[in-house]
$ cat entry.cif   # mmCIF, C-alpha atoms
data_data
loop_
_atom_site.label_atom_id
_atom_site.label_comp_id
_atom_site.auth_asym_id
_atom_site.auth_seq_id
_atom_site.Cartn_x
_atom_site.Cartn_y
_atom_site.Cartn_z
CA MET C 1109 -47.43 39.53 -1.57
CA ALA C 1110 -48.74 40.37 -5.00
CA ARG C 1111 -51.59 42.85 -5.23
CA ASP C 1112 -54.48 43.15 -7.64
CA THR C 1113 -55.33 46.27 -9.65
CA GLU C 1114 -57.16 47.79 -6.67
CA GLY C 1115 -54.25 47.19 -4.30
CA TRP C 1116 -55.69 44.21 -2.43
CA CYS C 1117 -53.64 41.10 -1.72
CA VAL C 1118 -54.26 38.51 -4.45
CA ALA C 1119 -54.99 35.87 -1.79
CA ILE C 1120 -58.07 37.75 -0.57
CA ASP C 1121 -61.47 36.30 -1.47
CA ALA C 1122 -63.22 39.56 -2.37
CA ALA C 1123 -66.71 38.14 -1.95
CA ARG C 1124 -66.10 37.01 1.64
CA MET C 1125 -63.18 39.35 2.51
CA CYS C 1126 -61.05 36.55 3.92
CA CYS C 1127 -57.66 35.04 3.16
CA THR C 1128 -57.77 32.03 0.85
CA ILE C 1129 -54.29 30.78 1.88
CA TYR C 1130 -54.47 31.43 5.62
CA ASP C 1131 -53.21 28.00 6.70
CA THR C 1132 -50.24 28.20 4.32
CA ARG C 1133 -49.68 31.97 4.35
CA PRO C 1134 -46.09 33.27 4.05
CA ASP C 1135 -44.01 34.53 6.98
CA VAL C 1136 -44.68 38.17 6.12
CA CYS C 1137 -48.37 37.57 6.76
CA ARG C 1138 -47.73 35.52 9.90
CA ARG C 1139 -45.74 38.40 11.41
CA PHE C 1140 -48.44 40.96 10.63
CA ALA C 1141 -50.20 41.99 13.84
CA MET C 1142 -53.82 43.02 13.35
CA SER C 1143 -54.41 46.47 14.86
CA GLY C 1144 -50.66 46.83 15.42
CA PRO C 1145 -48.77 50.02 14.51
CA TYR C 1146 -48.08 48.89 10.93
CA CYS C 1147 -51.70 47.86 10.43
CA GLN C 1148 -52.95 51.21 11.69
CA ALA C 1149 -50.48 53.09 9.45
CA VAL C 1150 -51.56 51.14 6.36
CA ARG C 1151 -55.26 51.72 7.12
CA THR C 1152 -54.63 55.46 7.65
CA ASP C 1153 -52.68 55.74 4.38
CA TYR C 1154 -55.43 53.84 2.56
CA LEU C 1155 -58.21 55.99 3.96
CA ASP C 1156 -56.26 59.17 3.15
CA SER C 1157 -55.75 58.06 -0.46
CA THR C 1158 -59.31 57.06 -1.27
CA SER C 1159 -62.81 58.04 -0.35
CA ARG C 1160 -64.25 54.54 -0.56
CA GLY C 1161 -62.89 53.23 2.74
CA ILE C 1162 -62.25 49.59 3.57
CA PRO C 1163 -65.40 47.58 2.93
CA LEU C 1164 -66.68 45.57 5.85
CA THR C 1165 -69.43 43.00 5.73
CA LEU C 1166 -71.42 42.27 8.85
CA TYR C 1167 -73.03 38.86 9.06
CA SER C 1168 -75.99 38.22 11.30
#

$ encode --input "entry.cif" --output "structure tokens"
Amino acid sequence: MARDTEGWCVAIDAARMCCTIYDTRPDVCRRFAMSGPYCQAVRTDYLDSTSRGIPLTLYS
């Protein structure tokens, strides 16, 4: 998938932090297992390369 200038997938809605093409997402996204080994490795690499962390929004 293409990435924006900050490294995020271009299909991500930055305001809501959700995928805008989820129902029609490509196979590479469908095979991605949340919290799987690849996910954990990407998160670790990201956190090691930046001090800003991955932004999370909690809704009440």

$ residues_around --input "entry.cif" --residues "Gly1115 (chain C)" --least-positions-apart "4" --cutoff "10 Å" --atoms "all atoms listed in the file" --output "VMD selection string"
chain C and resid 1110 to 1111 1154

$ axis_aligned_box --input "entry.cif" --around "region 1140-1159 of chain C" --padding-each-side "5 Å" --output "AutoDock Vina command-line options"
--center_x -55.4 --center_y 50.1 --center_z 7.1 --size_x 24.7 --size_y 28.2 --size_z 26.7

$ atom_distance --input "entry.cif" --atom1 "CA of Asp1156 (chain C)" --atom2 "CA of Arg1139 (chain C)"
24.7 Å

$ resolve_selection --input "entry.cif" --expression "the PyMOL selection byres ((chain C and resi 1129) around 12)" --output "JSON, numbers by chain"
{"C": [1109, 1117, 1118, 1119, 1120, 1121, 1126, 1127, 1128, 1130, 1131, 1132, 1133, 1134, 1137, 1138]}

$ atom_distance --input "entry.cif" --atom1 "CA of Pro1145 (chain C)" --atom2 "CA of Arg1124 (chain C)"
25.2 Å

$ atom_distance --input "entry.cif" --atom1 "CA of Trp1116 (chain C)" --atom2 "CA of Gly1144 (chain C)"
18.7 Å

$ decode --input "entry.cif" --residues "region 1114-1144 of chain C" --atoms "N, CA and C atoms" --output "short mmCIF file (atom, residue, chain, number, x, y, z; two decimals), in the first residue's frame"
data_model
loop_
_atom_site.label_atom_id
_atom_site.label_comp_id
_atom_site.auth_asym_id
_atom_site.auth_seq_id
_atom_site.Cartn_x
_atom_site.Cartn_y
_atom_site.Cartn_z
N GLU C 1114 4.18 10.87 6.33
CA GLU C 1114 4.52 10.45 7.70
C GLU C 1114 4.65 8.94 7.84
N GLY C 1115 4.43 8.22 6.74
CA GLY C 1115 4.58 6.77 6.77
C GLY C 1115 3.30 5.99 6.98
N TRP C 1116 2.18 6.67 7.15
CA TRP C 1116 0.90 6.01 7.35
C TRP C 1116 0.33 5.54 6.01
N CYS C 1117 -0.43 4.49 6.03
CA CYS C 1117 -1.15 4.01 4.86
C CYS C 1117 -2.07 5.12 4.36
N VAL C 1118 -2.13 5.32 3.04
CA VAL C 1118 -2.96 6.40 2.50
C VAL C 1118 -4.46 6.13 2.68
N ALA C 1119 -4.84 4.92 3.01
CA ALA C 1119 -6.25 4.59 3.21
C ALA C 1119 -6.73 4.90 4.62
N ILE C 1120 -5.83 5.32 5.50
CA ILE C 1120 -6.21 5.63 6.88
C ILE C 1120 -6.86 7.01 6.96
N ASP C 1121 -7.99 7.07 7.64
CA ASP C 1121 -8.64 8.34 7.96
C ASP C 1121 -7.95 8.83 9.23
N ALA C 1122 -7.10 9.83 9.09
CA ALA C 1122 -6.28 10.30 10.22
C ALA C 1122 -7.11 10.87 11.36
N ALA C 1123 -8.24 11.45 11.07
CA ALA C 1123 -9.07 12.03 12.12
C ALA C 1123 -9.69 10.94 13.00
N ARG C 1124 -10.08 9.83 12.41
CA ARG C 1124 -10.73 8.76 13.16
C ARG C 1124 -9.84 7.54 13.36
N MET C 1125 -8.65 7.53 12.73
CA MET C 1125 -7.70 6.41 12.81
C MET C 1125 -8.37 5.08 12.45
N CYS C 1126 -9.03 5.08 11.29
CA CYS C 1126 -9.63 3.84 10.81
C CYS C 1126 -9.43 3.75 9.30
N CYS C 1127 -9.55 2.55 8.79
CA CYS C 1127 -9.36 2.28 7.37
C CYS C 1127 -10.58 2.73 6.58
N THR C 1128 -10.34 3.49 5.51
CA THR C 1128 -11.44 3.99 4.70
C THR C 1128 -11.85 3.02 3.59
N ILE C 1129 -11.05 1.96 3.39
CA ILE C 1129 -11.36 0.99 2.33
C ILE C 1129 -11.48 -0.42 2.90
N TYR C 1130 -11.84 -0.53 4.17
CA TYR C 1130 -11.82 -1.82 4.85
C TYR C 1130 -12.60 -2.91 4.10
N ASP C 1131 -13.78 -2.62 3.63
CA ASP C 1131 -14.58 -3.64 2.94
C ASP C 1131 -13.98 -4.09 1.62
N THR C 1132 -13.18 -3.24 1.00
CA THR C 1132 -12.57 -3.57 -0.29
C THR C 1132 -11.05 -3.59 -0.22
N ARG C 1133 -10.51 -3.77 0.98
CA ARG C 1133 -9.05 -3.72 1.17
C ARG C 1133 -8.36 -4.83 0.38
N PRO C 1134 -7.10 -4.61 -0.01
CA PRO C 1134 -6.36 -5.61 -0.79
C PRO C 1134 -5.97 -6.82 0.06
N ASP C 1135 -5.54 -7.88 -0.62
CA ASP C 1135 -5.15 -9.12 0.06
C ASP C 1135 -4.06 -8.92 1.10
N VAL C 1136 -3.10 -8.04 0.83
CA VAL C 1136 -2.02 -7.83 1.79
C VAL C 1136 -2.58 -7.36 3.14
N CYS C 1137 -3.61 -6.56 3.10
CA CYS C 1137 -4.24 -6.11 4.34
C CYS C 1137 -5.09 -7.21 4.97
N ARG C 1138 -5.73 -8.00 4.15
CA ARG C 1138 -6.57 -9.09 4.67
C ARG C 1138 -5.74 -10.15 5.38
N ARG C 1139 -4.50 -10.34 4.95
CA ARG C 1139 -3.62 -11.34 5.57
C ARG C 1139 -2.91 -10.82 6.82
N PHE C 1140 -2.97 -9.52 7.05
CA PHE C 1140 -2.30 -8.92 8.19
C PHE C 1140 -3.03 -9.28 9.47
N ALA C 1141 -2.35 -9.91 10.39
CA ALA C 1141 -2.95 -10.31 11.66
C ALA C 1141 -2.62 -9.29 12.74
N MET C 1142 -3.64 -8.61 13.25
CA MET C 1142 -3.42 -7.65 14.33
C MET C 1142 -2.81 -8.36 15.53
N SER C 1143 -1.79 -7.75 16.09
CA SER C 1143 -1.04 -8.28 17.24
C SER C 1143 -0.25 -9.54 16.91
N GLY C 1144 -0.14 -9.87 15.62
CA GLY C 1144 0.68 -10.99 15.20
C GLY C 1144 2.15 -10.60 15.23
#
